[in-house]
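Q: You'll find structure_38.cif just under this line, and it carries mmCIF, C-alpha atoms.
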data_protein
#
loop_
_atom_site.label_atom_id
_atom_site.label_comp_id
_atom_site.auth_asym_id
_atom_site.auth_seq_id
_atom_site.Cartn_x
_atom_site.Cartn_y
_atom_site.Cartn_z
CA MET X 4 -13.83 -10.27 -28.91
CA SER X 5 -16.12 -11.75 -31.55
CA SER X 6 -17.98 -9.17 -33.61
CA SER X 7 -21.15 -11.14 -32.95
CA THR X 8 -20.78 -10.55 -29.23
CA VAL X 9 -22.36 -7.65 -27.39
CA THR X 10 -21.98 -6.50 -23.82
CA GLY X 11 -24.59 -6.00 -21.18
CA PRO X 12 -27.10 -8.17 -19.28
CA ASP X 13 -28.45 -9.85 -22.42
CA GLN X 14 -24.99 -10.88 -23.65
CA ASN X 15 -25.45 -14.63 -23.34
CA ALA X 16 -28.70 -14.48 -25.26
CA THR X 17 -27.25 -12.69 -28.27
CA GLU X 18 -23.71 -14.00 -28.68
CA ALA X 19 -22.70 -16.68 -31.18
CA PRO X 20 -23.37 -20.31 -30.13
CA GLU X 21 -19.63 -21.13 -30.09
CA PHE X 22 -18.88 -18.18 -27.84
CA ALA X 23 -21.75 -19.09 -25.51
CA ALA X 24 -20.54 -22.71 -25.29
CA VAL X 25 -17.01 -21.63 -24.43
CA ARG X 26 -18.24 -19.10 -21.88
CA GLU X 27 -20.36 -21.75 -20.16
CA ALA X 28 -17.44 -24.19 -20.07
CA ALA X 29 -15.19 -21.47 -18.64
CA GLN X 30 -17.73 -20.60 -15.97
CA ARG X 31 -17.98 -24.25 -14.92
CA ALA X 32 -14.19 -24.46 -14.75
CA ARG X 33 -13.97 -21.28 -12.71
CA ALA X 34 -16.51 -22.65 -10.23
CA ALA X 35 -14.38 -25.80 -9.83
CA ALA X 36 -11.01 -24.02 -9.58
CA PRO X 37 -11.12 -23.17 -5.82
CA ALA X 38 -11.54 -26.84 -4.93
CA VAL X 39 -8.53 -27.79 -7.01
CA ARG X 40 -6.45 -25.04 -5.44
CA ALA X 41 -7.47 -26.01 -1.91
CA ALA X 42 -7.08 -29.77 -2.36
CA ALA X 43 -5.02 -31.47 0.30
CA PRO X 44 -1.48 -32.52 -0.62
CA GLY X 45 -1.49 -35.61 -2.81
CA VAL X 46 -5.13 -35.41 -3.89
CA VAL X 47 -4.39 -34.15 -7.41
CA ASP X 48 -1.71 -36.82 -7.73
CA GLU X 49 -4.29 -39.42 -6.65
CA ALA X 50 -6.53 -38.26 -9.51
CA LEU X 51 -3.66 -38.52 -11.99
CA ARG X 52 -2.87 -42.07 -10.90
CA ALA X 53 -6.55 -42.98 -11.17
CA ALA X 54 -6.59 -41.58 -14.72
CA ALA X 55 -3.54 -43.66 -15.63
CA ALA X 56 -5.23 -46.81 -14.35
CA ARG X 57 -8.40 -46.02 -16.31
CA ILE X 58 -6.38 -45.56 -19.50
CA ARG X 59 -4.74 -48.94 -19.07
CA ASP X 60 -8.05 -50.65 -18.29
CA GLY X 61 -9.99 -48.88 -21.02
CA ALA X 62 -7.39 -49.10 -23.79
CA PRO X 63 -9.43 -51.35 -26.14
CA GLU X 64 -12.43 -49.03 -26.02
CA LEU X 65 -10.28 -45.92 -26.46
CA LEU X 66 -8.53 -47.45 -29.46
CA GLU X 67 -11.87 -48.33 -31.03
CA ILE X 68 -13.14 -44.76 -30.63
CA ASN X 69 -9.90 -43.34 -31.98
CA ALA X 70 -10.01 -45.71 -34.97
CA ALA X 71 -13.33 -44.11 -35.94
CA ASP X 72 -11.68 -40.67 -35.86
CA VAL X 73 -8.78 -41.92 -37.98
CA GLU X 74 -11.08 -43.61 -40.49
CA ALA X 75 -13.14 -40.43 -40.88
CA ALA X 76 -10.00 -38.34 -41.28
CA GLU X 77 -8.68 -40.68 -43.98
CA ARG X 78 -11.98 -40.38 -45.88
CA ASN X 79 -11.65 -36.61 -45.68
CA GLY X 80 -8.15 -36.74 -47.18
CA MET X 81 -6.05 -35.93 -44.10
CA ALA X 82 -2.32 -36.09 -44.90
CA ALA X 83 -0.14 -38.87 -43.52
CA GLY X 84 1.74 -36.64 -41.08
CA LEU X 85 -1.47 -35.36 -39.51
CA LEU X 86 -2.91 -38.86 -39.39
CA ASP X 87 0.14 -39.94 -37.44
CA ARG X 88 -0.61 -37.27 -34.84
CA LEU X 89 -4.26 -38.28 -34.67
CA ARG X 90 -3.70 -42.02 -34.29
CA LEU X 91 -3.56 -43.70 -30.90
CA THR X 92 -1.89 -47.10 -30.48
CA GLU X 93 -1.48 -49.46 -27.54
CA GLU X 94 2.07 -48.17 -27.15
CA ARG X 95 1.01 -44.53 -27.19
CA LEU X 96 -1.77 -45.10 -24.68
CA ALA X 97 0.68 -46.90 -22.41
CA GLY X 98 3.01 -43.93 -22.79
CA ILE X 99 0.24 -41.50 -21.79
CA ALA X 100 -0.51 -43.58 -18.69
CA THR X 101 3.16 -43.74 -17.76
CA GLN X 102 3.53 -39.98 -18.10
CA LEU X 103 0.57 -39.48 -15.78
CA GLU X 104 2.18 -41.75 -13.21
CA VAL X 105 5.51 -39.92 -13.52
CA LEU X 106 3.77 -36.57 -13.10
CA ALA X 107 1.90 -37.85 -10.05
CA ALA X 108 5.19 -38.95 -8.49
CA THR X 109 6.80 -35.54 -9.07
CA PRO X 110 6.87 -33.50 -5.83
CA GLU X 111 5.02 -30.21 -5.94
CA PRO X 112 7.37 -27.20 -5.81
CA PRO X 113 7.30 -25.05 -2.67
CA THR X 114 4.45 -22.53 -2.59
CA GLU X 115 6.29 -19.97 -0.45
CA TRP X 116 9.90 -19.05 0.28
CA PRO X 117 11.69 -16.15 2.04
CA VAL X 118 13.21 -13.33 -0.02
CA ARG X 119 14.68 -10.86 2.49
CA THR X 120 14.09 -8.84 5.63
CA LEU X 121 13.65 -5.09 5.16
CA GLU X 122 15.67 -2.58 7.18
CA THR X 123 12.49 -1.83 9.13
CA GLY X 124 12.13 -5.50 10.07
CA GLU X 125 9.30 -6.57 7.79
CA ARG X 126 9.80 -9.99 6.25
CA VAL X 127 9.34 -10.42 2.48
CA PHE X 128 8.21 -13.75 1.04
CA GLU X 129 7.50 -14.84 -2.50
CA ARG X 130 4.60 -17.18 -3.21
CA ARG X 131 3.47 -19.20 -6.17
CA ILE X 132 -0.30 -19.19 -6.61
CA PRO X 133 -2.51 -20.86 -9.23
CA VAL X 134 -3.80 -19.02 -12.28
CA GLY X 135 -7.32 -20.35 -11.65
CA VAL X 136 -8.49 -21.35 -15.11
CA ILE X 137 -6.14 -22.13 -17.99
CA GLY X 138 -7.31 -22.70 -21.55
CA ALA X 139 -5.67 -24.74 -24.27
CA VAL X 140 -6.17 -24.87 -28.02
CA PHE X 141 -4.52 -27.74 -29.86
CA GLU X 142 -4.80 -29.55 -33.15
CA ALA X 143 -6.10 -33.07 -33.68
CA ARG X 144 -3.77 -34.84 -31.25
CA PRO X 145 -5.73 -36.85 -28.65
CA ASN X 146 -2.73 -37.35 -26.37
CA VAL X 147 -2.45 -33.59 -25.86
CA THR X 148 -5.87 -33.69 -24.18
CA VAL X 149 -4.34 -35.61 -21.29
CA ASP X 150 -0.94 -33.89 -21.42
CA VAL X 151 -2.42 -30.42 -21.01
CA ALA X 152 -5.20 -31.31 -18.57
CA SER X 153 -2.79 -33.15 -16.27
CA GLN X 154 -0.29 -30.27 -16.27
CA VAL X 155 -3.01 -27.72 -15.52
CA LEU X 156 -4.39 -29.84 -12.68
CA LYS X 157 -0.89 -30.36 -11.26
CA ALA X 158 -0.56 -26.56 -11.31
CA ARG X 159 -3.77 -26.52 -9.21
CA SER X 160 -5.90 -24.82 -11.83
CA ALA X 161 -8.93 -25.92 -13.86
CA ALA X 162 -8.76 -26.48 -17.62
CA VAL X 163 -10.84 -25.54 -20.65
CA LEU X 164 -9.71 -27.51 -23.71
CA ARG X 165 -10.47 -27.07 -27.39
CA THR X 166 -9.17 -29.59 -29.94
CA GLY X 167 -9.43 -30.00 -33.69
CA SER X 168 -12.64 -31.48 -35.04
CA ALA X 169 -10.88 -34.62 -36.33
CA ALA X 170 -9.99 -35.66 -32.77
CA LEU X 171 -13.18 -34.60 -31.03
CA ARG X 172 -14.49 -38.13 -30.41
CA SER X 173 -11.16 -39.31 -29.02
CA ALA X 174 -10.73 -36.23 -26.85
CA THR X 175 -14.29 -36.50 -25.57
CA ALA X 176 -13.70 -40.11 -24.56
CA LEU X 177 -10.50 -39.19 -22.72
CA VAL X 178 -12.26 -36.41 -20.82
CA GLU X 179 -15.58 -38.14 -20.12
CA ARG X 180 -14.35 -41.69 -19.50
CA ILE X 181 -10.89 -41.08 -18.04
CA LEU X 182 -10.22 -37.65 -16.56
CA ARG X 183 -13.57 -36.72 -15.05
CA PRO X 184 -14.19 -40.09 -13.32
CA ALA X 185 -10.62 -39.97 -12.00
CA LEU X 186 -11.24 -36.50 -10.55
CA ALA X 187 -14.45 -37.67 -8.90
CA GLU X 188 -12.67 -40.73 -7.50
CA ALA X 189 -10.15 -38.43 -5.82
CA GLY X 190 -12.90 -36.20 -4.42
CA LEU X 191 -12.32 -33.32 -6.84
CA PRO X 192 -15.01 -31.70 -9.02
CA GLU X 193 -15.37 -33.36 -12.42
CA SER X 194 -16.00 -29.94 -13.92
CA ALA X 195 -12.36 -29.00 -13.33
CA VAL X 196 -11.68 -30.27 -16.87
CA GLN X 197 -13.89 -28.86 -19.61
CA LEU X 198 -13.83 -29.76 -23.31
CA VAL X 199 -15.41 -27.37 -25.82
CA PRO X 200 -17.86 -29.66 -27.64
CA LEU X 201 -18.05 -27.72 -30.90
CA PRO X 202 -15.69 -28.07 -33.89
CA GLY X 203 -14.47 -25.13 -35.93
CA HIS X 204 -12.20 -22.16 -35.34
CA ALA X 205 -14.93 -20.05 -33.71
CA GLY X 206 -14.54 -21.97 -30.44
CA ALA X 207 -10.80 -21.37 -30.40
CA GLU X 208 -11.28 -17.67 -31.10
CA ALA X 209 -13.82 -17.47 -28.30
CA LEU X 210 -11.46 -19.15 -25.83
CA VAL X 211 -8.75 -16.50 -26.29
CA GLY X 212 -11.37 -13.75 -25.95
CA LEU X 213 -12.46 -14.30 -22.33
CA PRO X 214 -9.60 -12.92 -20.21
CA ASP X 215 -11.81 -12.42 -17.14
CA LEU X 216 -12.66 -16.12 -17.10
CA VAL X 217 -9.62 -17.67 -18.81
CA PRO X 218 -6.64 -15.33 -18.33
CA LEU X 219 -4.06 -17.74 -19.78
CA VAL X 220 -4.42 -19.85 -22.93
CA VAL X 221 -1.82 -22.25 -24.31
CA VAL X 222 -2.09 -22.43 -28.10
CA ARG X 223 -0.54 -25.33 -29.97
CA GLY X 224 -1.13 -25.51 -33.67
CA SER X 225 0.10 -24.76 -37.13
CA GLY X 226 1.33 -21.50 -38.53
CA GLU X 227 -1.18 -18.86 -39.47
CA VAL X 228 -4.08 -20.10 -37.33
CA THR X 229 -1.98 -20.01 -34.19
CA ARG X 230 -0.56 -16.59 -35.02
CA LYS X 231 -4.10 -15.29 -35.53
CA LEU X 232 -5.20 -16.65 -32.16
CA SER X 233 -2.19 -15.00 -30.52
CA MET X 234 -3.17 -11.67 -32.06
CA LEU X 235 -6.81 -12.04 -31.00
CA GLY X 236 -5.75 -12.97 -27.48
CA ALA X 237 -3.42 -9.99 -27.21
CA THR X 238 -6.21 -7.69 -28.38
CA ALA X 239 -8.61 -9.10 -25.81
CA GLY X 240 -6.07 -8.98 -22.99
CA THR X 241 -5.53 -12.73 -22.69
CA ARG X 242 -2.01 -14.02 -22.05
CA VAL X 243 -1.28 -16.49 -24.83
CA LEU X 244 1.59 -18.97 -24.77
CA ALA X 245 1.75 -19.83 -28.46
CA HIS X 246 3.61 -22.50 -30.36
CA ALA X 247 2.96 -21.68 -34.01
CA ASP X 248 6.09 -22.92 -35.76
CA GLY X 249 8.87 -25.40 -35.25
CA GLY X 250 11.45 -27.08 -37.42
CA GLY X 251 14.67 -28.64 -36.17
CA VAL X 252 18.02 -27.69 -37.72
CA LEU X 253 21.04 -29.96 -38.08
CA TYR X 254 24.46 -28.48 -38.94
CA LEU X 255 27.13 -30.89 -40.17
CA ASP X 256 30.54 -29.44 -39.39
CA ALA X 257 33.74 -30.30 -41.23
CA SER X 258 34.79 -32.25 -38.15
CA ALA X 259 31.65 -34.43 -38.13
CA SER X 260 32.05 -38.19 -38.39
CA GLU X 261 29.99 -40.06 -40.96
CA ALA X 262 28.66 -42.36 -38.26
CA ASP X 263 27.34 -39.40 -36.28
CA VAL X 264 25.78 -37.92 -39.42
CA VAL X 265 23.87 -41.14 -40.12
CA ARG X 266 22.76 -41.48 -36.50
CA LEU X 267 21.52 -37.90 -36.16
CA VAL X 268 19.75 -37.78 -39.51
CA THR X 269 18.07 -41.10 -38.76
CA ASP X 270 17.08 -40.22 -35.19
CA SER X 271 15.76 -36.82 -36.26
CA THR X 272 13.34 -38.17 -38.88
CA ASP X 273 11.59 -40.96 -36.98
CA ARG X 274 8.34 -38.93 -37.10
CA LEU X 275 7.65 -36.32 -39.76
CA GLY X 276 4.50 -34.65 -38.42
CA VAL X 277 6.12 -33.23 -35.28
CA CYS X 278 7.68 -29.81 -34.78
CA ASN X 279 11.11 -30.91 -33.51
CA ARG X 280 11.96 -33.21 -36.42
CA LEU X 281 14.82 -32.45 -38.82
CA ASN X 282 13.62 -29.73 -41.15
CA LEU X 283 16.71 -27.84 -42.33
CA LEU X 284 20.07 -29.51 -42.95
CA LEU X 285 23.10 -27.20 -43.11
CA ILE X 286 26.48 -28.53 -44.22
CA ASP X 287 29.89 -26.89 -43.88
CA ARG X 288 30.89 -25.88 -47.41
CA PRO X 289 34.32 -27.65 -47.48
CA VAL X 290 32.62 -31.03 -46.80
CA TYR X 291 29.32 -30.41 -48.59
CA ASP X 292 30.05 -32.80 -51.44
CA THR X 293 31.38 -35.41 -49.00
CA LEU X 294 28.67 -35.42 -46.33
CA LEU X 295 25.64 -34.73 -48.54
CA PRO X 296 25.65 -38.30 -49.97
CA VAL X 297 25.93 -39.69 -46.43
CA ALA X 298 22.93 -37.68 -45.27
CA ARG X 299 21.03 -38.50 -48.46
CA ALA X 300 21.47 -42.26 -47.91
CA ALA X 301 20.15 -41.97 -44.35
CA LEU X 302 17.15 -39.95 -45.56
CA ASP X 303 16.50 -42.39 -48.39
CA ALA X 304 16.27 -45.16 -45.82
CA ARG X 305 13.55 -43.14 -44.09
CA GLY X 306 11.74 -42.39 -47.35
CA VAL X 307 12.55 -38.69 -47.05
CA ALA X 308 13.55 -36.53 -50.03
CA LEU X 309 16.04 -33.67 -50.08
CA SER X 310 15.10 -30.20 -51.29
CA GLU X 311 18.40 -28.99 -52.74
CA PRO X 312 19.56 -25.55 -53.92
CA PRO X 313 18.38 -23.50 -55.70
CA HIS X 314 15.25 -23.46 -53.56
CA THR X 315 11.84 -22.28 -54.73
CA HIS X 316 10.70 -21.90 -51.11
CA ARG X 317 11.89 -20.12 -48.00
CA LEU X 318 14.98 -21.79 -46.57
CA GLY X 319 13.24 -22.54 -43.28
CA HIS X 320 9.99 -23.77 -44.88
CA GLU X 321 8.48 -26.11 -42.29
CA TRP X 322 7.74 -29.41 -43.98
CA ALA X 323 5.80 -30.80 -41.02
CA LEU X 324 3.10 -28.22 -41.78
CA ASP X 325 3.10 -28.87 -45.54
CA SER X 326 0.25 -31.33 -45.91
CA GLY X 327 1.24 -34.14 -48.25
CA ALA X 328 4.87 -33.00 -48.51
CA GLU X 329 6.04 -33.81 -45.00
CA ALA X 330 8.67 -36.27 -46.27
CA HIS X 331 11.16 -33.55 -47.22
CA VAL X 332 14.22 -31.93 -45.68
CA THR X 333 15.81 -28.74 -47.01
CA VAL X 334 19.60 -28.72 -47.42
CA ALA X 335 22.00 -25.81 -47.95
CA PRO X 336 25.75 -25.13 -47.63
CA VAL X 337 27.08 -22.65 -45.04
CA ASP X 338 30.48 -21.23 -44.17
CA GLY X 339 31.25 -22.57 -40.74
CA PRO X 340 29.51 -22.67 -37.35
CA ASP X 341 28.83 -18.93 -37.08
CA GLU X 342 26.87 -18.76 -40.32
CA ALA X 343 25.14 -22.03 -39.45
CA ALA X 344 23.97 -20.71 -36.06
CA ASP X 345 22.86 -17.39 -37.55
CA THR X 346 21.03 -19.10 -40.40
CA ALA X 347 19.25 -21.48 -38.02
CA ALA X 348 18.05 -18.60 -35.85
CA ARG X 349 17.13 -16.32 -38.76
CA GLU X 350 15.42 -18.74 -41.13
CA THR X 351 13.42 -20.85 -38.66
CA SER X 352 11.29 -20.28 -35.57
CA GLY X 353 14.32 -20.78 -33.35
CA LEU X 354 12.96 -24.00 -31.88
CA ALA X 355 16.06 -26.20 -31.85
CA ALA X 356 19.39 -26.66 -33.59
CA THR X 357 22.02 -29.41 -33.44
CA ILE X 358 25.69 -29.28 -34.34
CA CYS X 359 27.28 -32.52 -35.48
CA ALA X 360 31.00 -32.15 -34.78
CA SER X 361 33.93 -33.88 -33.14
CA ASP X 362 35.76 -30.58 -32.53
CA GLU X 363 34.71 -29.38 -29.06
CA ALA X 364 35.82 -25.79 -29.69
CA VAL X 365 33.68 -25.58 -32.82
CA ALA X 366 30.70 -27.10 -31.01
CA GLN X 367 31.03 -24.59 -28.18
CA ARG X 368 31.25 -21.75 -30.69
CA PHE X 369 27.98 -22.88 -32.30
CA ILE X 370 26.30 -23.26 -28.89
CA ASP X 371 27.37 -19.78 -27.80
CA ARG X 372 26.20 -18.24 -31.09
CA TYR X 373 22.76 -19.84 -31.47
CA THR X 374 19.93 -17.91 -29.78
CA GLY X 375 17.07 -20.40 -30.18
CA THR X 376 15.17 -22.32 -27.54
CA GLY X 377 17.28 -25.49 -27.53
CA VAL X 378 20.78 -26.21 -28.77
CA PHE X 379 22.35 -29.68 -28.97
CA TRP X 380 25.79 -31.12 -29.61
CA ASN X 381 25.71 -34.53 -31.31
CA ALA X 382 22.16 -35.09 -30.02
CA THR X 383 18.93 -35.01 -31.99
CA SER X 384 16.58 -32.02 -31.86
CA ARG X 385 13.80 -34.55 -31.19
CA LEU X 386 14.90 -34.31 -27.56
CA LEU X 387 13.30 -30.85 -27.31
CA ASP X 388 10.19 -32.29 -25.72
CA GLY X 389 8.93 -31.90 -22.18
CA TYR X 390 8.92 -35.59 -21.36
CA LYS X 391 12.21 -36.45 -23.08
CA LEU X 392 14.05 -33.38 -21.80
CA LEU X 393 12.51 -32.74 -18.38
CA GLY X 394 10.81 -36.02 -17.53
CA LEU X 395 7.39 -34.31 -17.52
CA PRO X 396 4.57 -34.02 -20.04
CA GLU X 397 4.29 -30.57 -21.57
CA THR X 398 1.49 -28.17 -22.39
CA GLY X 399 3.50 -26.99 -25.40
CA ILE X 400 6.78 -25.43 -26.42
CA ASN X 401 7.15 -21.67 -26.20
CA VAL X 402 9.63 -20.05 -28.60
CA ASP X 403 9.11 -16.43 -27.54
CA GLN X 404 12.05 -14.06 -27.78
CA THR X 405 10.92 -12.26 -24.61
CA PRO X 406 11.19 -13.12 -20.89
CA GLY X 407 8.81 -15.78 -19.65
CA PRO X 408 8.54 -19.56 -19.86
CA ARG X 409 10.58 -20.68 -22.86
CA GLY X 410 11.05 -24.13 -24.30
CA PRO X 411 8.86 -27.00 -23.05
CA VAL X 412 6.20 -25.52 -20.75
CA THR X 413 5.21 -27.72 -17.79
CA TYR X 414 3.08 -27.24 -14.69
CA ARG X 415 5.99 -25.46 -12.99
CA ASP X 416 5.54 -22.60 -15.46
CA LEU X 417 1.78 -22.31 -14.96
CA GLY X 418 1.70 -20.27 -11.77
CA LEU X 419 1.59 -16.64 -10.70
CA ARG X 420 4.17 -14.75 -8.67
CA GLN X 421 2.90 -13.09 -5.49
CA PHE X 422 4.75 -11.16 -2.79
CA VAL X 423 3.80 -11.33 0.87
CA VAL X 424 5.10 -8.88 3.50
CA LEU X 425 4.75 -9.88 7.14
CA PRO X 426 5.46 -7.93 10.34
CA PRO X 427 8.86 -8.24 11.99
CA ALA X 428 9.47 -11.56 13.69
#
Since I need it in another form, could you write the structure as structure tokens?
A:
Amino acid sequence: MSSSTVTGPDQNATEAPEFAAVREAAQRARAAAPAVRAAAPGVVDEALRAAAARIRDGAPELLEINAADVEAAERNGMAAGLLDRLRLTEERLAGIATQLEVLAATPEPPTEWPVRTLETGERVFERRIPVGVIGAVFEARPNVTVDVASQVLKARSAAVLRTGSAALRSATALVERILRPALAEAGLPESAVQLVPLPGHAGAEALVGLPDLVPLVVVRGSGEVTRKLSMLGATAGTRVLAHADGGGVLYLDASASEADVVRLVTDSTDRLGVCNRLNLLLIDRPVYDTLLPVARAALDARGVALSEPPHTHRLGHEWALDSGAEAHVTVAPVDGPDEAADTAARETSGLAATICASDEAVAQRFIDRYTGTGVFWNATSRLLDGYKLLGLPETGINVDQTPGPRGPVTYRDLGLRQFVVLPPA
């Protein structure tokens, strides 16, 4: 908890303004949560469809507001990769609306199912119940405002959102002009989606420090800041689903075809400011001199430079987080699929790795060896995305090495397990 915060009846009067603002938002969300949980079947989906319609109708206004955010960020020297994340376009807004409609059309999973009958006759059931209030911290990406809020609502919880200062105008417009009116239209409380109105890291730190109000927080961000929030949340007793690092790996096996190499390198570098882009290129040593020029030509066409051995940085250095240097890919030779899989898991966050190979036995060996979140054979790591992989928007991607939701996290992962024991039938 913040060092400026004290306990007791006068707490709200003495705590930092950011903490007070987050607490008030969380209290409003908690008050709205029971109505979301108790909503009749289809009501949340009605709100999501209403939000999609409002996005389509309000696209010109949303683009104008976002353009002001982008212009301000450019004046402040924001790097190209981050600007790409911040910018909304007609196509991206249409994509957000479509994802809302897809989510609304997705049937809710069962809330209760039988487990077993005890020897004494009692019947055991397992239930899935809402968390209540779920928080989210994410960088300056306006689309994530809708992605996360819609997933939390579909999970029948209320949301408290905190975004980066560069996207605050865009996020505010999406909450105030799209999500809240859509909730009201469906008969749900507008306060079920809260946006922390203050910029700065203090608001994010406050959000992970209120476990009694916000027991679960999804943290999407970059490197050290996200790791710090995870630590603060753990100290406070908040469950944090964190996505601090990414970086896709592509291994080119001796059996890889040049056509597949070009396709995968090209497809994996369409956007450079995202976590699942190609970051580390590994090439089987016997074909290193043959396939490196092929990969280089494909990267040149994308305007991406190779960082070749000997490296002055960590092998898994994540270029997407290196402001101003996003247009790089690290390359290194390896001795076969085993070393490639081990290197990918050891040197990166373990987000995703692809093997490019025509030899099925080699591909299967790589798949069986790699321990990361997603592994692909002749398919780009860019597919490790909730909507592309599962057909649903995501709240984030979890790369934990412990049990729990792993990979793209969707509304199906945002529930609590409860057991119910009933008398004998």
Q: Counting all atoms listed in the file, which residues of segment 183-245 of chain X fall within 12 Å of segment 313-329 of chain X, and what is the closest atom pair for each with its distance in Å at one decimal, ordered by chain and rising number, as a Markdown table?
A:
| residue | atom | partner | partner_atom | distance |
| --- | --- | --- | --- | --- |
| X:Gly224 | CA | X:Leu324 | CA | 9.5 |
| X:Ser225 | CA | X:Leu324 | CA | 6.5 |
| X:Gly226 | CA | X:Leu324 | CA | 7.7 |
| X:Glu227 | CA | X:Leu324 | CA | 10.5 |
| X:Val228 | CA | X:Leu324 | CA | 11.7 |
Q: Taking the file as shown, what set of residues would the PyMOL selection byres ((chain X and resi 351-354) around 7) give back, as a PDB file with C-alpha atoms, in the coordinates of the input?
A:
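What follows is the written file result36.pdb:
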ATOM      1  CA  ASP X 248       6.090 -22.920 -35.760  1.00  0.00           C
ATOM      2  CA  GLY X 249       8.870 -25.400 -35.250  1.00  0.00           C
ATOM      3  CA  GLY X 250      11.450 -27.080 -37.420  1.00  0.00           C
ATOM      4  CA  GLY X 251      14.670 -28.640 -36.170  1.00  0.00           C
ATOM      5  CA  GLY X 319      13.240 -22.540 -43.280  1.00  0.00           C
ATOM      6  CA  ALA X 347      19.250 -21.480 -38.020  1.00  0.00           C
ATOM      7  CA  ALA X 348      18.050 -18.600 -35.850  1.00  0.00           C
ATOM      8  CA  ARG X 349      17.130 -16.320 -38.760  1.00  0.00           C
ATOM      9  CA  GLU X 350      15.420 -18.740 -41.130  1.00  0.00           C
ATOM     10  CA  ALA X 355      16.060 -26.200 -31.850  1.00  0.00           C
ATOM     11  CA  GLY X 375      17.070 -20.400 -30.180  1.00  0.00           C
ATOM     12  CA  THR X 376      15.170 -22.320 -27.540  1.00  0.00           C
ATOM     13  CA  GLY X 377      17.280 -25.490 -27.530  1.00  0.00           C
ATOM     14  CA  VAL X 402       9.630 -20.050 -28.600  1.00  0.00           C
TER      15      VAL X 402
END
Q: So that I can see what lies close to segment 281-288 of chain X, please list as a count of residues only the residues with an atom at most 6 Å from it, counting all atoms listed in the file and leaving out residues fewer than 4 positions away in the same chain.
A: 18
Q: Assuming the chain letters and numbering stay as they are in my file, what does the PyMOL selection byres ((chain X and resi 153-157) around 10) actually select? List them as number ranges by chain.
A: X: 36, 39-40, 45-48, 50-51, 54, 102-103, 106-107, 109-111, 133-139, 147-152, 158-163, 182, 186, 195-196, 395-398, 412-418
Q: Given the file shown, enumerate the residues that the PyMOL selection byres ((chain X and resi 379) around 10) captures and present them as a PDB file with C-alpha atoms, keeping the file's coordinate frame.
A:
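Saved as result17.pdb:
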ATOM      1  CA  VAL X 252      18.020 -27.690 -37.720  1.00  0.00           C
ATOM      2  CA  LEU X 253      21.040 -29.960 -38.080  1.00  0.00           C
ATOM      3  CA  ALA X 355      16.060 -26.200 -31.850  1.00  0.00           C
ATOM      4  CA  ALA X 356      19.390 -26.660 -33.590  1.00  0.00           C
ATOM      5  CA  THR X 357      22.020 -29.410 -33.440  1.00  0.00           C
ATOM      6  CA  ILE X 358      25.690 -29.280 -34.340  1.00  0.00           C
ATOM      7  CA  CYS X 359      27.280 -32.520 -35.480  1.00  0.00           C
ATOM      8  CA  ALA X 366      30.700 -27.100 -31.010  1.00  0.00           C
ATOM      9  CA  PHE X 369      27.980 -22.880 -32.300  1.00  0.00           C
ATOM     10  CA  ILE X 370      26.300 -23.260 -28.890  1.00  0.00           C
ATOM     11  CA  GLY X 377      17.280 -25.490 -27.530  1.00  0.00           C
ATOM     12  CA  VAL X 378      20.780 -26.210 -28.770  1.00  0.00           C
ATOM     13  CA  TRP X 380      25.790 -31.120 -29.610  1.00  0.00           C
ATOM     14  CA  ASN X 381      25.710 -34.530 -31.310  1.00  0.00           C
ATOM     15  CA  ALA X 382      22.160 -35.090 -30.020  1.00  0.00           C
ATOM     16  CA  THR X 383      18.930 -35.010 -31.990  1.00  0.00           C
ATOM     17  CA  SER X 384      16.580 -32.020 -31.860  1.00  0.00           C
ATOM     18  CA  LEU X 386      14.900 -34.310 -27.560  1.00  0.00           C
ATOM     19  CA  LEU X 387      13.300 -30.850 -27.310  1.00  0.00           C
TER      20      LEU X 387
END
Q: Nearest to Gly276 of chain X among X:Gly84, X:Pro37, X:Pro192, X:Pro218, with distances taken over only C-alpha atoms: which residue is it?
A: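 For Gly276 of chain X, the nearest of the candidates is X:Gly84.
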Q: Give me, please, the distance in Å between atom CA of Asp292 of chain X and atom CA of Glu311 of chain X, quoted to one decimal.
A: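 So the two atoms, atom CA of Asp292 of chain X and atom CA of Glu311 of chain X, lie 12.3 Å apart.
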Q: Here's a test: counting all atoms listed in the file, identify every protein, DNA and RNA residue with an atom at most 12 Å from (-14.4, -37.3, -23.1) in the file's coordinate frame, and state them as JSON, numbers by chain.
A: {"X": [65, 68, 69, 145, 148, 149, 152, 164, 165, 166, 170, 171, 172, 173, 174, 175, 176, 177, 178, 179, 180, 181, 182, 183, 184, 193, 194, 196, 197, 198, 199, 200]}
Q: Can you work out which one of X:Arg223, X:Arg130, X:Arg90, X:Arg52 has the shortest atom-to-atom distance to Pro411 of chain X, counting all atoms listed in the file?
A: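 Closest residue, counting all atoms listed in the file: X:Arg223.
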Q: Select, from X:Ser260, X:Ala19, X:Asp87, X:Ala344, the residue with the minimum atom-to-atom distance to Val277 of chain X, counting all atoms listed in the file.
A: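 Checking each candidate against Val277 of chain X, we get X:Asp87 as the closest.
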Q: Give me, please, the distance in Å between atom CA of Arg131 of chain X and atom CA of Val211 of chain X, quoted to one decimal.
A: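 Answer for the atom CA of Arg131 of chain X to atom CA of Val211 of chain X separation: 23.7 Å.
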Q: What's around Glu21 of chain X at 12 Å? Count all atoms listed in the file, leave out sequence neighbours fewer than 6 positions away in its own chain, and write the answer as a ChimeraX atom specification.
A: /X:5,7-8,15,27-28,165,199-210,212
